[in-house]
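upload23.txt, holding compact mmCIF, C-alpha atoms:
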# COMPACT_ATOMS: atom_id res chain seq x y z
CA MET Z 23 89.05 119.27 142.04
CA ASP Z 24 88.54 121.96 139.40
CA GLN Z 25 85.44 121.04 137.37
CA ALA Z 26 86.57 122.73 134.16
CA ARG Z 27 89.80 120.74 134.11
CA LYS Z 28 87.97 117.55 135.05
CA LYS Z 29 85.58 117.96 132.12
CA ALA Z 30 88.42 118.84 129.78
CA LEU Z 31 90.16 115.58 130.77
CA GLU Z 32 86.96 113.61 130.24
CA VAL Z 33 86.44 115.10 126.79
CA LEU Z 34 90.02 114.50 125.69
CA THR Z 35 90.11 110.88 126.84
CA ARG Z 36 86.74 110.16 125.24
CA TRP Z 37 87.91 111.76 122.02
CA GLU Z 38 91.09 109.66 122.00
CA LYS Z 39 88.92 106.57 122.33
CA ARG Z 40 86.37 107.56 119.67
CA GLY Z 41 88.55 109.47 117.20
CA SER Z 42 85.54 111.45 115.91
CA THR Z 43 85.15 115.19 115.40
CA MET Z 44 85.54 117.17 118.61
CA ASP Z 45 82.80 119.82 118.41
CA PRO Z 46 79.76 117.57 119.09
CA LEU Z 47 81.59 115.80 121.92
CA PHE Z 48 82.67 119.06 123.53
CA ASP Z 49 79.19 120.53 123.24
CA ALA Z 50 77.59 117.46 124.84
CA PHE Z 51 79.96 117.25 127.81
CA VAL Z 52 80.84 120.89 128.40
CA MET Z 53 78.60 123.43 126.67
CA GLU Z 54 75.37 121.65 127.66
CA ASN Z 55 76.48 121.02 131.25
CA PRO Z 56 74.35 123.20 133.56
CA LEU Z 57 76.81 122.86 136.43
CA LEU Z 58 79.58 124.71 134.59
CA THR Z 59 79.74 128.49 134.48
CA ASP Z 60 80.50 130.39 131.28
CA LEU Z 61 84.05 130.94 132.60
CA ASP Z 62 84.40 127.20 133.25
CA LYS Z 63 83.28 126.44 129.70
CA ALA Z 64 85.67 128.98 128.19
CA PHE Z 65 88.56 127.62 130.27
CA ALA Z 66 87.78 124.03 129.31
CA ARG Z 67 87.55 125.03 125.63
CA GLU Z 68 90.95 126.68 125.67
CA ILE Z 69 92.57 123.64 127.27
CA VAL Z 70 90.87 121.05 125.04
CA TYR Z 71 91.44 122.80 121.74
CA GLY Z 72 94.85 124.06 122.81
CA VAL Z 73 96.01 120.53 123.62
CA LEU Z 74 94.73 119.30 120.26
CA ARG Z 75 96.40 122.18 118.46
CA TRP Z 76 99.79 121.72 120.14
CA ARG Z 77 99.76 117.99 120.82
CA GLY Z 78 102.81 117.30 118.67
CA ARG Z 79 105.03 119.82 120.45
CA LEU Z 80 103.64 118.87 123.87
CA ASP Z 81 104.48 115.21 123.30
CA TRP Z 82 107.99 116.14 122.15
CA ILE Z 83 108.54 118.09 125.39
CA ILE Z 84 106.99 115.40 127.59
CA ALA Z 85 109.23 112.81 125.94
CA ALA Z 86 112.29 114.87 126.94
CA TYR Z 87 111.36 114.48 130.63
CA SER Z 88 109.73 111.07 130.69
CA ARG Z 89 111.45 107.68 130.94
CA ILE Z 90 108.38 106.26 129.12
CA LYS Z 91 107.57 107.29 125.57
CA PRO Z 92 104.29 109.22 125.32
CA SER Z 93 102.89 106.63 122.90
CA ARG Z 94 103.25 103.96 125.58
CA LEU Z 95 101.59 105.92 128.39
CA GLU Z 96 98.06 105.19 129.57
CA ARG Z 97 95.60 107.42 127.70
CA ALA Z 98 94.36 109.32 130.78
CA ILE Z 99 97.87 109.91 132.17
CA LEU Z 100 99.10 111.26 128.85
CA ALA Z 101 96.05 113.54 128.60
CA ILE Z 102 96.77 114.93 132.10
CA LEU Z 103 100.40 115.56 131.17
CA ARG Z 104 99.40 117.31 127.95
CA MET Z 105 96.88 119.47 129.78
CA GLY Z 106 99.36 120.42 132.48
CA ALA Z 107 102.15 121.12 130.01
CA TYR Z 108 99.83 123.22 127.86
CA GLN Z 109 98.85 125.39 130.85
CA ILE Z 110 102.48 125.82 131.88
CA LEU Z 111 103.81 126.63 128.42
CA PHE Z 112 100.93 128.42 126.70
CA MET Z 113 98.55 129.90 129.32
CA ASP Z 114 100.36 132.84 130.90
CA ARG Z 115 97.50 133.68 133.24
CA VAL Z 116 97.65 130.24 134.90
CA PRO Z 117 100.43 130.03 137.54
CA ALA Z 118 102.70 127.06 136.86
CA ALA Z 119 102.26 125.86 140.44
CA ALA Z 120 98.49 125.81 140.02
CA ALA Z 121 98.77 123.91 136.73
CA VAL Z 122 100.96 121.27 138.42
CA ASP Z 123 98.78 121.05 141.54
CA GLU Z 124 95.51 120.66 139.60
CA SER Z 125 97.08 118.07 137.31
CA VAL Z 126 98.21 116.05 140.33
CA LYS Z 127 94.64 116.14 141.66
CA LEU Z 128 93.41 114.78 138.34
CA ALA Z 129 96.01 112.01 138.54
CA LYS Z 130 94.88 111.13 142.07
CA GLY Z 131 91.42 110.58 140.63
CA LEU Z 132 92.84 107.68 138.63
CA ARG Z 133 93.54 105.93 141.97
CA LYS Z 134 97.04 104.95 140.91
CA LYS Z 135 99.69 106.07 143.38
CA GLU Z 136 102.55 105.77 140.90
CA ALA Z 137 100.63 107.94 138.39
CA THR Z 138 100.42 110.81 140.86
CA ALA Z 139 104.16 110.89 141.51
CA PHE Z 140 104.90 110.44 137.80
CA VAL Z 141 102.71 113.38 136.75
CA ASN Z 142 104.00 115.56 139.58
CA GLY Z 143 107.65 114.92 138.71
CA ILE Z 144 107.36 115.55 134.98
CA LEU Z 145 105.24 118.69 135.22
CA ARG Z 146 107.41 120.20 137.96
CA SER Z 147 110.46 119.58 135.81
CA ILE Z 148 108.77 121.23 132.81
CA ALA Z 149 107.70 124.21 134.97
CA GLU Z 150 111.23 124.66 136.29
CA GLY Z 151 112.72 124.31 132.81
CA ARG Z 152 115.24 121.75 133.96
CA LYS Z 153 116.11 120.83 130.38
CA GLU Z 154 116.70 122.96 127.35
CA ILE Z 155 114.40 121.40 124.77
CA THR Z 156 116.11 120.74 121.46
CA TYR Z 157 114.24 120.03 118.23
CA PRO Z 158 115.42 118.41 115.01
CA ASP Z 159 117.61 120.68 112.92
CA LEU Z 160 115.58 122.73 110.45
CA GLN Z 161 118.27 122.62 107.77
CA THR Z 162 119.08 118.90 107.84
CA ASN Z 163 115.73 117.48 109.05
CA PRO Z 164 113.07 120.04 108.04
CA ILE Z 165 110.14 117.59 108.05
CA GLU Z 166 110.93 116.30 111.53
CA TYR Z 167 111.49 119.85 112.80
CA ILE Z 168 108.21 121.18 111.41
CA ALA Z 169 106.27 118.19 112.72
CA ALA Z 170 107.64 118.56 116.26
CA PHE Z 171 107.88 122.33 116.64
CA HIS Z 172 104.76 123.28 114.68
CA SER Z 173 102.73 120.28 115.88
CA HIS Z 174 101.60 118.47 112.75
CA PRO Z 175 101.89 114.76 111.90
CA LEU Z 176 104.94 113.67 109.94
CA TRP Z 177 103.01 112.26 106.99
CA LEU Z 178 101.13 115.52 106.50
CA VAL Z 179 104.21 117.72 106.76
CA ARG Z 180 106.00 115.51 104.24
CA ARG Z 181 103.15 115.89 101.73
CA TRP Z 182 102.94 119.65 102.21
CA VAL Z 183 106.67 120.15 101.80
CA ASP Z 184 106.43 118.29 98.49
CA GLN Z 185 103.39 120.33 97.47
CA PHE Z 186 104.21 123.83 98.80
CA GLY Z 187 107.90 123.82 99.76
CA ARG Z 188 109.48 124.10 103.18
CA ASP Z 189 108.91 127.77 103.99
CA GLU Z 190 105.31 127.84 102.85
CA THR Z 191 104.61 124.66 104.81
CA ILE Z 192 105.89 126.39 107.94
CA ALA Z 193 103.61 129.36 107.24
CA LEU Z 194 100.64 127.02 106.70
CA CYS Z 195 101.31 125.16 109.96
CA GLU Z 196 101.67 128.44 111.83
CA ALA Z 197 98.32 129.61 110.45
CA ASN Z 198 96.68 126.35 111.50
CA ASN Z 199 97.89 126.88 115.06
CA HIS Z 200 96.16 130.25 115.47
CA PHE Z 201 92.60 130.56 116.71
CA PRO Z 202 90.56 131.89 113.77
CA PRO Z 203 88.11 134.78 114.16
CA LEU Z 204 84.39 134.14 114.16
CA THR Z 205 83.17 134.67 110.59
CA VAL Z 206 79.48 134.94 109.76
CA ARG Z 207 77.36 135.47 106.67
CA VAL Z 208 74.70 138.18 106.67
CA ASN Z 209 71.28 136.88 105.71
CA THR Z 210 70.45 139.41 103.02
CA LEU Z 211 66.88 138.12 102.89
CA LYS Z 212 66.39 140.06 106.13
CA ALA Z 213 68.92 142.90 106.05
CA SER Z 214 71.90 144.36 104.22
CA ARG Z 215 75.43 143.91 105.50
CA GLU Z 216 75.61 147.63 106.30
CA ALA Z 217 72.42 147.47 108.37
CA VAL Z 218 73.71 144.49 110.33
CA ILE Z 219 77.05 146.19 111.01
CA LYS Z 220 75.18 149.20 112.39
CA ARG Z 221 72.95 147.02 114.55
CA LEU Z 222 75.94 145.16 115.98
CA HIS Z 223 77.77 148.44 116.57
CA ASP Z 224 74.78 149.71 118.52
CA GLN Z 225 75.08 146.59 120.70
CA GLY Z 226 78.76 147.28 121.32
CA ILE Z 227 79.98 144.47 119.04
CA GLU Z 228 82.78 145.18 116.58
CA ALA Z 229 82.12 143.71 113.13
CA SER Z 230 84.18 144.28 109.99
CA PRO Z 231 83.38 143.29 106.39
CA THR Z 232 85.24 140.30 105.01
CA PRO Z 233 87.61 141.21 102.15
CA PHE Z 234 86.38 138.60 99.68
CA SER Z 235 82.77 137.63 100.42
CA PRO Z 236 80.24 140.45 99.89
CA ALA Z 237 78.01 139.02 102.63
CA GLY Z 238 80.62 138.13 105.25
CA LEU Z 239 81.55 139.70 108.59
CA ARG Z 240 84.36 139.06 111.02
CA ILE Z 241 83.23 139.45 114.61
CA LYS Z 242 85.62 140.58 117.32
CA ASP Z 243 84.94 139.25 120.84
CA PRO Z 244 81.55 137.67 120.04
CA PRO Z 245 79.07 136.95 122.84
CA SER Z 246 77.77 133.46 123.58
CA LEU Z 247 76.28 132.20 120.32
CA ALA Z 248 73.56 130.24 122.10
CA SER Z 249 71.87 133.47 123.22
CA TRP Z 250 73.12 135.97 120.65
CA GLY Z 251 70.06 137.75 119.30
CA PRO Z 252 71.17 138.56 115.72
CA LEU Z 253 72.18 134.93 115.22
CA GLN Z 254 69.12 133.36 116.81
CA GLN Z 255 66.78 135.77 115.00
CA GLY Z 256 68.16 134.76 111.61
CA TRP Z 257 70.16 137.82 110.68
CA LEU Z 258 73.39 135.83 110.60
CA GLN Z 259 74.74 132.37 109.76
CA VAL Z 260 78.10 131.17 111.07
CA GLN Z 261 80.18 130.31 107.99
CA ASP Z 262 83.81 130.72 106.99
CA GLU Z 263 84.48 133.25 104.24
CA ALA Z 264 85.89 130.67 101.81
CA ALA Z 265 82.77 128.53 102.21
CA GLN Z 266 80.66 131.56 101.31
CA ILE Z 267 82.56 132.01 98.04
CA VAL Z 268 81.73 128.45 96.92
CA SER Z 269 78.04 129.32 96.54
CA LEU Z 270 78.94 132.33 94.40
CA ILE Z 271 80.64 129.95 91.97
CA LEU Z 272 77.43 127.99 91.39
CA ALA Z 273 75.67 131.37 90.95
CA PRO Z 274 72.08 130.10 91.07
CA LYS Z 275 69.31 132.36 89.80
CA PRO Z 276 65.84 132.96 91.27
CA GLY Z 277 63.37 130.36 90.02
CA GLU Z 278 65.94 127.66 89.23
CA ARG Z 279 65.92 124.09 90.52
CA ILE Z 280 69.13 123.26 92.38
CA LEU Z 281 70.44 120.00 93.82
CA ASP Z 282 72.69 120.25 96.90
CA LEU Z 283 74.46 116.97 97.66
CA CYS Z 284 76.05 116.31 101.07
CA ALA Z 285 74.16 119.40 102.24
CA ALA Z 286 74.32 119.21 106.05
CA PRO Z 287 74.60 121.31 108.15
CA GLY Z 288 73.21 123.71 105.57
CA GLY Z 289 75.57 126.68 105.44
CA LYS Z 290 75.92 126.54 101.67
CA THR Z 291 72.32 125.37 101.21
CA THR Z 292 70.94 128.48 102.89
CA HIS Z 293 73.41 130.69 101.05
CA LEU Z 294 72.19 129.28 97.72
CA ALA Z 295 68.61 130.07 98.78
CA GLN Z 296 69.71 133.56 99.72
CA LEU Z 297 71.29 134.10 96.29
CA MET Z 298 68.05 132.83 94.71
CA GLN Z 299 66.04 135.36 96.77
CA ASP Z 300 64.17 132.35 98.19
CA GLN Z 301 62.56 131.75 94.80
CA GLY Z 302 62.71 128.39 93.03
CA GLU Z 303 63.56 125.03 94.61
CA ILE Z 304 66.56 123.49 96.34
CA ILE Z 305 66.68 119.77 97.04
CA ALA Z 306 69.12 119.26 99.92
CA VAL Z 307 70.39 115.68 100.12
CA ASP Z 308 72.37 114.12 102.93
CA VAL Z 309 72.85 110.55 104.13
CA SER Z 310 72.06 111.50 107.76
CA PRO Z 311 68.44 112.26 108.73
CA ALA Z 312 69.66 113.78 112.00
CA LYS Z 313 71.91 116.22 110.14
CA LEU Z 314 69.07 117.12 107.79
CA GLU Z 315 67.12 118.28 110.83
CA ILE Z 316 69.89 120.82 111.38
CA VAL Z 317 69.45 121.99 107.77
CA GLN Z 318 65.73 122.44 108.37
CA GLU Z 319 66.32 124.32 111.61
CA ASN Z 320 68.73 126.68 109.88
CA CYS Z 321 66.17 127.29 107.15
CA ARG Z 322 63.47 128.09 109.72
CA ARG Z 323 65.76 130.43 111.63
CA LEU Z 324 66.79 132.27 108.46
CA GLY Z 325 63.25 132.43 107.04
CA ILE Z 326 63.95 130.24 104.00
CA ALA Z 327 61.07 128.33 102.38
CA ILE Z 328 62.43 126.83 99.12
CA VAL Z 329 64.58 124.05 100.60
CA LYS Z 330 63.31 120.46 100.67
CA VAL Z 331 65.45 117.88 102.45
CA LYS Z 332 65.90 114.27 101.32
CA ALA Z 333 67.82 111.51 103.10
CA PHE Z 334 69.73 109.60 100.41
CA ASP Z 335 73.19 108.13 100.01
CA ALA Z 336 74.70 110.26 97.24
CA THR Z 337 77.21 107.55 96.30
CA ARG Z 338 74.30 105.47 94.98
CA PRO Z 339 71.76 106.21 92.19
CA LEU Z 340 69.45 109.05 93.18
CA PRO Z 341 65.67 109.02 92.50
CA PHE Z 342 65.55 112.17 90.37
CA ALA Z 343 64.78 112.51 86.67
CA PRO Z 344 67.77 112.91 84.34
CA GLY Z 345 68.43 116.51 83.38
CA SER Z 346 65.95 117.84 85.95
CA PHE Z 347 68.26 120.32 87.73
CA ASP Z 348 69.67 123.62 86.50
CA GLY Z 349 72.64 123.25 88.79
CA CYS Z 350 74.16 121.03 91.43
CA LEU Z 351 76.59 121.61 94.28
CA VAL Z 352 78.62 118.61 95.39
CA ASP Z 353 80.15 119.69 98.70
CA ALA Z 354 81.98 116.41 99.01
CA PRO Z 355 83.03 114.58 102.18
CA CYS Z 356 86.79 115.04 102.45
CA THR Z 357 89.76 114.90 104.79
CA GLY Z 358 89.03 118.48 105.90
CA LEU Z 359 92.71 119.43 106.03
CA GLY Z 360 91.85 123.00 105.08
CA THR Z 361 89.93 123.54 108.34
CA LEU Z 362 92.58 122.61 110.91
CA ARG Z 363 92.41 126.14 112.36
CA ARG Z 364 88.89 125.36 113.53
CA HIS Z 365 89.20 121.60 113.92
CA PRO Z 366 92.73 120.87 115.18
CA GLU Z 367 91.76 117.30 116.06
CA GLY Z 368 91.73 116.61 112.32
CA LYS Z 369 95.54 116.58 112.36
CA TRP Z 370 95.50 113.49 114.54
CA ARG Z 371 92.20 111.91 113.44
CA ILE Z 372 92.82 111.82 109.68
CA LYS Z 373 95.23 109.18 108.38
CA GLU Z 374 97.05 109.26 105.06
CA GLN Z 375 95.18 106.18 103.86
CA ASP Z 376 91.89 108.10 104.23
CA ILE Z 377 92.78 110.20 101.19
CA LEU Z 378 92.34 107.49 98.56
CA ARG Z 379 89.24 106.11 100.29
CA LEU Z 380 87.60 109.53 100.18
CA GLN Z 381 88.80 110.16 96.63
CA GLU Z 382 86.87 107.10 95.49
CA MET Z 383 83.75 108.26 97.36
CA GLN Z 384 84.01 111.75 95.86
CA GLY Z 385 84.21 110.30 92.35
CA GLN Z 386 81.15 108.14 93.01
CA ILE Z 387 79.12 111.17 94.11
CA LEU Z 388 80.10 113.17 91.04
CA ARG Z 389 79.14 110.26 88.78
CA GLN Z 390 75.68 110.10 90.40
CA ALA Z 391 75.20 113.87 90.05
CA ALA Z 392 76.28 114.18 86.41
CA PRO Z 393 73.17 112.82 84.60
CA LEU Z 394 70.84 114.90 86.79
CA ILE Z 395 72.15 118.19 85.39
CA LYS Z 396 70.27 119.60 82.41
CA LYS Z 397 72.06 118.92 79.15
CA ASP Z 398 72.19 122.40 77.69
CA GLY Z 399 74.32 124.54 79.98
CA GLY Z 400 73.64 122.94 83.37
CA ILE Z 401 76.25 123.71 86.04
CA LEU Z 402 77.98 121.28 88.38
CA VAL Z 403 80.19 122.68 91.15
CA TYR Z 404 82.51 120.38 93.09
CA SER Z 405 84.00 121.65 96.34
CA THR Z 406 86.06 120.40 99.26
CA CYS Z 407 87.62 121.92 102.36
CA THR Z 408 90.88 120.07 101.96
CA LEU Z 409 94.29 120.69 100.35
CA THR Z 410 95.21 117.29 98.91
CA GLN Z 411 95.69 117.12 95.16
CA GLU Z 412 94.10 113.66 95.01
CA GLU Z 413 90.79 114.95 96.41
CA ASN Z 414 90.80 118.11 94.32
CA GLU Z 415 92.53 118.13 90.91
CA GLY Z 416 92.67 114.34 90.88
CA VAL Z 417 88.90 113.95 91.26
CA ILE Z 418 88.12 116.60 88.64
CA SER Z 419 90.64 115.22 86.15
CA ALA Z 420 89.26 111.69 86.46
CA PHE Z 421 85.67 112.93 86.14
CA LEU Z 422 86.35 114.99 83.02
CA SER Z 423 88.15 112.09 81.37
CA GLU Z 424 85.01 109.97 81.85
CA HIS Z 425 82.42 112.69 81.07
CA LYS Z 426 83.33 114.48 77.86
CA GLU Z 427 80.02 116.33 77.96
CA PHE Z 428 81.35 118.46 80.85
CA SER Z 429 84.00 121.16 80.55
CA LEU Z 430 85.88 123.15 83.20
CA GLU Z 431 84.98 126.84 83.42
CA HIS Z 432 87.08 129.67 84.84
CA VAL Z 433 85.45 131.07 87.98
CA SER Z 434 87.03 134.56 88.02
CA SER Z 435 84.10 136.31 86.33
CA LEU Z 436 81.73 135.04 89.03
CA LEU Z 437 83.68 136.42 91.98
CA PRO Z 438 83.65 139.97 93.40
CA PRO Z 439 86.52 142.40 92.70
CA GLY Z 440 89.59 141.62 94.77
CA CYS Z 441 89.23 137.85 94.53
CA GLU Z 442 91.73 137.37 91.71
CA GLY Z 443 94.28 135.82 94.04
CA LEU Z 444 91.82 133.09 95.05
CA VAL Z 445 91.79 131.51 91.58
CA ASP Z 446 94.49 129.10 90.39
CA GLU Z 447 95.92 128.62 86.90
CA GLN Z 448 93.16 126.15 85.93
CA GLY Z 449 90.45 128.64 86.90
CA CYS Z 450 89.44 126.86 90.12
CA LEU Z 451 88.89 128.42 93.54
CA ARG Z 452 91.76 127.68 95.90
CA THR Z 453 92.06 129.37 99.29
CA LEU Z 454 94.79 128.76 101.85
CA PRO Z 455 94.81 129.74 105.55
CA HIS Z 456 98.29 131.29 105.50
CA ARG Z 457 97.72 133.27 102.30
CA HIS Z 458 94.13 134.42 102.59
CA LYS Z 459 93.27 134.11 106.32
CA THR Z 460 90.37 131.79 105.44
CA ASP Z 461 89.87 128.05 105.62
CA GLY Z 462 91.47 126.06 102.82
CA PHE Z 463 88.90 125.39 100.08
CA PHE Z 464 88.88 124.09 96.54
CA ALA Z 465 86.02 124.46 94.06
CA ALA Z 466 85.68 123.69 90.37
CA ARG Z 467 82.82 124.79 88.09
CA LEU Z 468 81.79 122.41 85.31
CA ARG Z 469 79.29 123.09 82.52
CA ARG Z 470 77.35 120.38 80.71
CA ARG Z 471 76.85 120.82 76.97
Structure encoded using structure tokens:
Amino acid sequence: MDQARKKALEVLTRWEKRGSTMDPLFDAFVMENPLLTDLDKAFAREIVYGVLRWRGRLDWIIAAYSRIKPSRLERAILAILRMGAYQILFMDRVPAAAAVDESVKLAKGLRKKEATAFVNGILRSIAEGRKEITYPDLQTNPIEYIAAFHSHPLWLVRRWVDQFGRDETIALCEANNHFPPLTVRVNTLKASREAVIKRLHDQGIEASPTPFSPAGLRIKDPPSLASWGPLQQGWLQVQDEAAQIVSLILAPKPGERILDLCAAPGGKTTHLAQLMQDQGEIIAVDVSPAKLEIVQENCRRLGIAIVKVKAFDATRPLPFAPGSFDGCLVDAPCTGLGTLRRHPEGKWRIKEQDILRLQEMQGQILRQAAPLIKKDGGILVYSTCTLTQEENEGVISAFLSEHKEFSLEHVSSLLPPGCEGLVDEQGCLRTLPHRHKTDGFFAARLRRR
């Protein structure tokens, strides 16, 4: 039995059971497995993330051939069918016969005779194209069509159609279904962006400047990150371009004292330190001590000394003196619906009811941060990587109605030339995958007077 496919099945079934984020699970079971080659790991990654990305369409197609609804199938059998269908329909370099044969072997491992014949029959029918798959009509049932064909949950498509309109929702879903490029931030404490581009070019790696972030690079065909010298030596930090822009909105100065709430894994924390030329103090707070260790490791790798980590729950009162920080970044926990390009499992993990639960948590964190900002001109930046109005405008509107001492500031003057299209009518940062080829982020800058 093919080990890459076997591990992919194990990861997918474990994820279905846990419902957590995929990256740590995949790393533990695939990337850290010494018995798998680099090709095995790459193959398993494409299957796992491809199945998560296209699960909605795969289930629609499976349902057309199966006498049993996908939702009623045993978890492992459905995962095998999705994997096989994904290879047949999306992986041109995998012969359909091989995809069917390897899927049947996986089914045999379940030790259920009827499962083997069931998997074999459905996948052979899909490979032979015995049925012409029909989807809901785009004109009369646009939400159902988009959900099935573009592989997003119905509740999410319905919200986006209300928010963006039908055509833009299709463009957004299409963008979410494309693998994003690797984007990194140059650590300007060690080198300029131009110097890093030259160094990478000398190593045969193609790197191009990001259009919005002055420190960002897009890397074409990157090597394995675990052993990539420029990354391990602290020249680079993996970070989406939109996330890099958030730190520019806080605009910390050398020598200031900055509070970073919900700081792990430290991408924005280290960027703030970089903007401060590693002068001053950053208190990085997160509820997870284990995640704070990642923040510390990133600081060591990048050569940053001004960050101090503290394990606190930011929804509760924090042990800092009132008015003791020049600025604060609240990078709030959110539904993460702006990062579905990188985390396609979020489409199926997040539920609509999570939005209001997280909105309440986000408001609590802002209320704890507010009194810690200095009274005369202190800055509070609130950011999320989601697209829901409740978690973005809704949180800011509620906060400002309770805290008259804060006012919303326009962020345009803080951003580099060419970023005008990233700012909405209220003066907040708003990036969208289909418009800007970045993750979807929101950020608001508030000043205390």
Residues near Ile110 (chain Z), cut-off 9 Å, only C-alpha atoms, skip fewer than 4 positions along chain, as a ChimeraX atom specification: /Z:105-106,114,116-119,121-122,145,148-149
Can those selected residues be exported to a file as a short mmCIF file (atom, residue, chain, number, x, y, z; two decimals), in the frame of the given file so that it contains C-alpha atoms?
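As written to disk, again05.cif reads:
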data_model
loop_
_atom_site.label_atom_id
_atom_site.label_comp_id
_atom_site.auth_asym_id
_atom_site.auth_seq_id
_atom_site.Cartn_x
_atom_site.Cartn_y
_atom_site.Cartn_z
CA MET Z 105 96.88 119.47 129.78
CA GLY Z 106 99.36 120.42 132.48
CA ASP Z 114 100.36 132.84 130.90
CA VAL Z 116 97.65 130.24 134.90
CA PRO Z 117 100.43 130.03 137.54
CA ALA Z 118 102.70 127.06 136.86
CA ALA Z 119 102.26 125.86 140.44
CA ALA Z 121 98.77 123.91 136.73
CA VAL Z 122 100.96 121.27 138.42
CA LEU Z 145 105.24 118.69 135.22
CA ILE Z 148 108.77 121.23 132.81
CA ALA Z 149 107.70 124.21 134.97
#
Ile328 (chain Z) environment, 12 Å, only C-alpha atoms, sequence neighbours closer than 4 positions dropped, as a list in words: Pro276, Gly277, Glu278, Arg279, Ile280, Leu281, Thr291, Thr292, His293, Leu294, Ala295, Gln296, Leu297, Met298, Gln299, Asp300, Gln301, Gly302, Glu303, Ile304, Ile305, Ala306, Gln318, Cys321, Arg322 and Leu324 of chain Z
For the residues in that selection, give me C-alpha atoms as a compact mmCIF listing (two decimals), keeping the file's coordinate frame.
# COMPACT_ATOMS: atom_id res chain seq x y z
CA PRO Z 276 65.84 132.96 91.27
CA GLY Z 277 63.37 130.36 90.02
CA GLU Z 278 65.94 127.66 89.23
CA ARG Z 279 65.92 124.09 90.52
CA ILE Z 280 69.13 123.26 92.38
CA LEU Z 281 70.44 120.00 93.82
CA THR Z 291 72.32 125.37 101.21
CA THR Z 292 70.94 128.48 102.89
CA HIS Z 293 73.41 130.69 101.05
CA LEU Z 294 72.19 129.28 97.72
CA ALA Z 295 68.61 130.07 98.78
CA GLN Z 296 69.71 133.56 99.72
CA LEU Z 297 71.29 134.10 96.29
CA MET Z 298 68.05 132.83 94.71
CA GLN Z 299 66.04 135.36 96.77
CA ASP Z 300 64.17 132.35 98.19
CA GLN Z 301 62.56 131.75 94.80
CA GLY Z 302 62.71 128.39 93.03
CA GLU Z 303 63.56 125.03 94.61
CA ILE Z 304 66.56 123.49 96.34
CA ILE Z 305 66.68 119.77 97.04
CA ALA Z 306 69.12 119.26 99.92
CA GLN Z 318 65.73 122.44 108.37
CA CYS Z 321 66.17 127.29 107.15
CA ARG Z 322 63.47 128.09 109.72
CA LEU Z 324 66.79 132.27 108.46
Residues within 12 Å of Glu427 (chain Z), all atoms listed in the file, excluding chain neighbours under 4 positions, as a ChimeraX atom specification: /Z:392-393,395-402,421-423,468-471
Top pick for closest residue to Ala327 (chain Z), considering Z:Leu378, Z:Ile90, Z:Leu211, Z:Ala273 and counting all atoms listed in the file: Z:Leu211
Best match for closeness to Ala265 (chain Z) among Z:Arg389, Z:Lys369, Z:Arg452, Z:Arg467, counting all atoms listed in the file: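 Closest to Ala265 (chain Z) of all the choices is Z:Arg452.
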For Gly462 (chain Z), the nearest of the candidates Z:Ala333, Z:Leu258, Z:Leu194, Z:Leu340, counting all atoms listed in the file: Z:Leu194
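Excluding Ala264 (chain Z) itself and same-chain residues fewer than 3 positions from it, the residues having an atom within 7 Å of it are Ile267, Val268, Thr453, Thr460, Asp461 and Phe463 of chain Z, counting only C-alpha atoms.
Pairwise distance (CA of Gln259 (chain Z), CA of Val208 (chain Z)) equals 6.6 Å.
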Neighbour list for Phe48 (chain Z) as a list of chain:residue names, cut-off 9 Å, only C-alpha atoms, skip fewer than 4 positions in-chain: Z:Ala30, Z:Val33, Z:Leu34, Z:Met44, Z:Val52, Z:Met53, Z:Glu54, Z:Arg67, Z:Val70
Selected residue, from Z:Glu124, Z:Arg188, Z:Gly368, Z:Thr138, that lies nearest to Gln161 (chain Z) when counting all atoms listed in the file: Z:Arg188
Once you add 5 Å to each side, what are the centre and edge lengths of the axis-aligned box holding all listed atoms of region 311-325 of chain Z? One decimal in Å, as JSON, if you can.
{"center_x": 67.6, "center_y": 122.3, "center_z": 109.5, "size_x": 18.7, "size_y": 30.2, "size_z": 15.0}
Interatomic distance (Å, one decimal) between CA of Ile165 (chain Z) and CA of Arg79 (chain Z): 13.6 Å
Straight-line distance linking CA of Asn414 (chain Z) with CA of Gln185 (chain Z), stated in Å to one decimal: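 Distance between the two atoms: 13.2 Å.
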Residue among Z:Asp353, Z:Asp446, Z:Glu412, Z:Glu367 lying closest to Arg77 (chain Z), counting only C-alpha atoms: Z:Glu367
From Z:Leu362, Z:Ser230, Z:Val329, Z:Ser173, residue lying nearest Val73 (chain Z) [all atoms listed in the file]: Z:Ser173
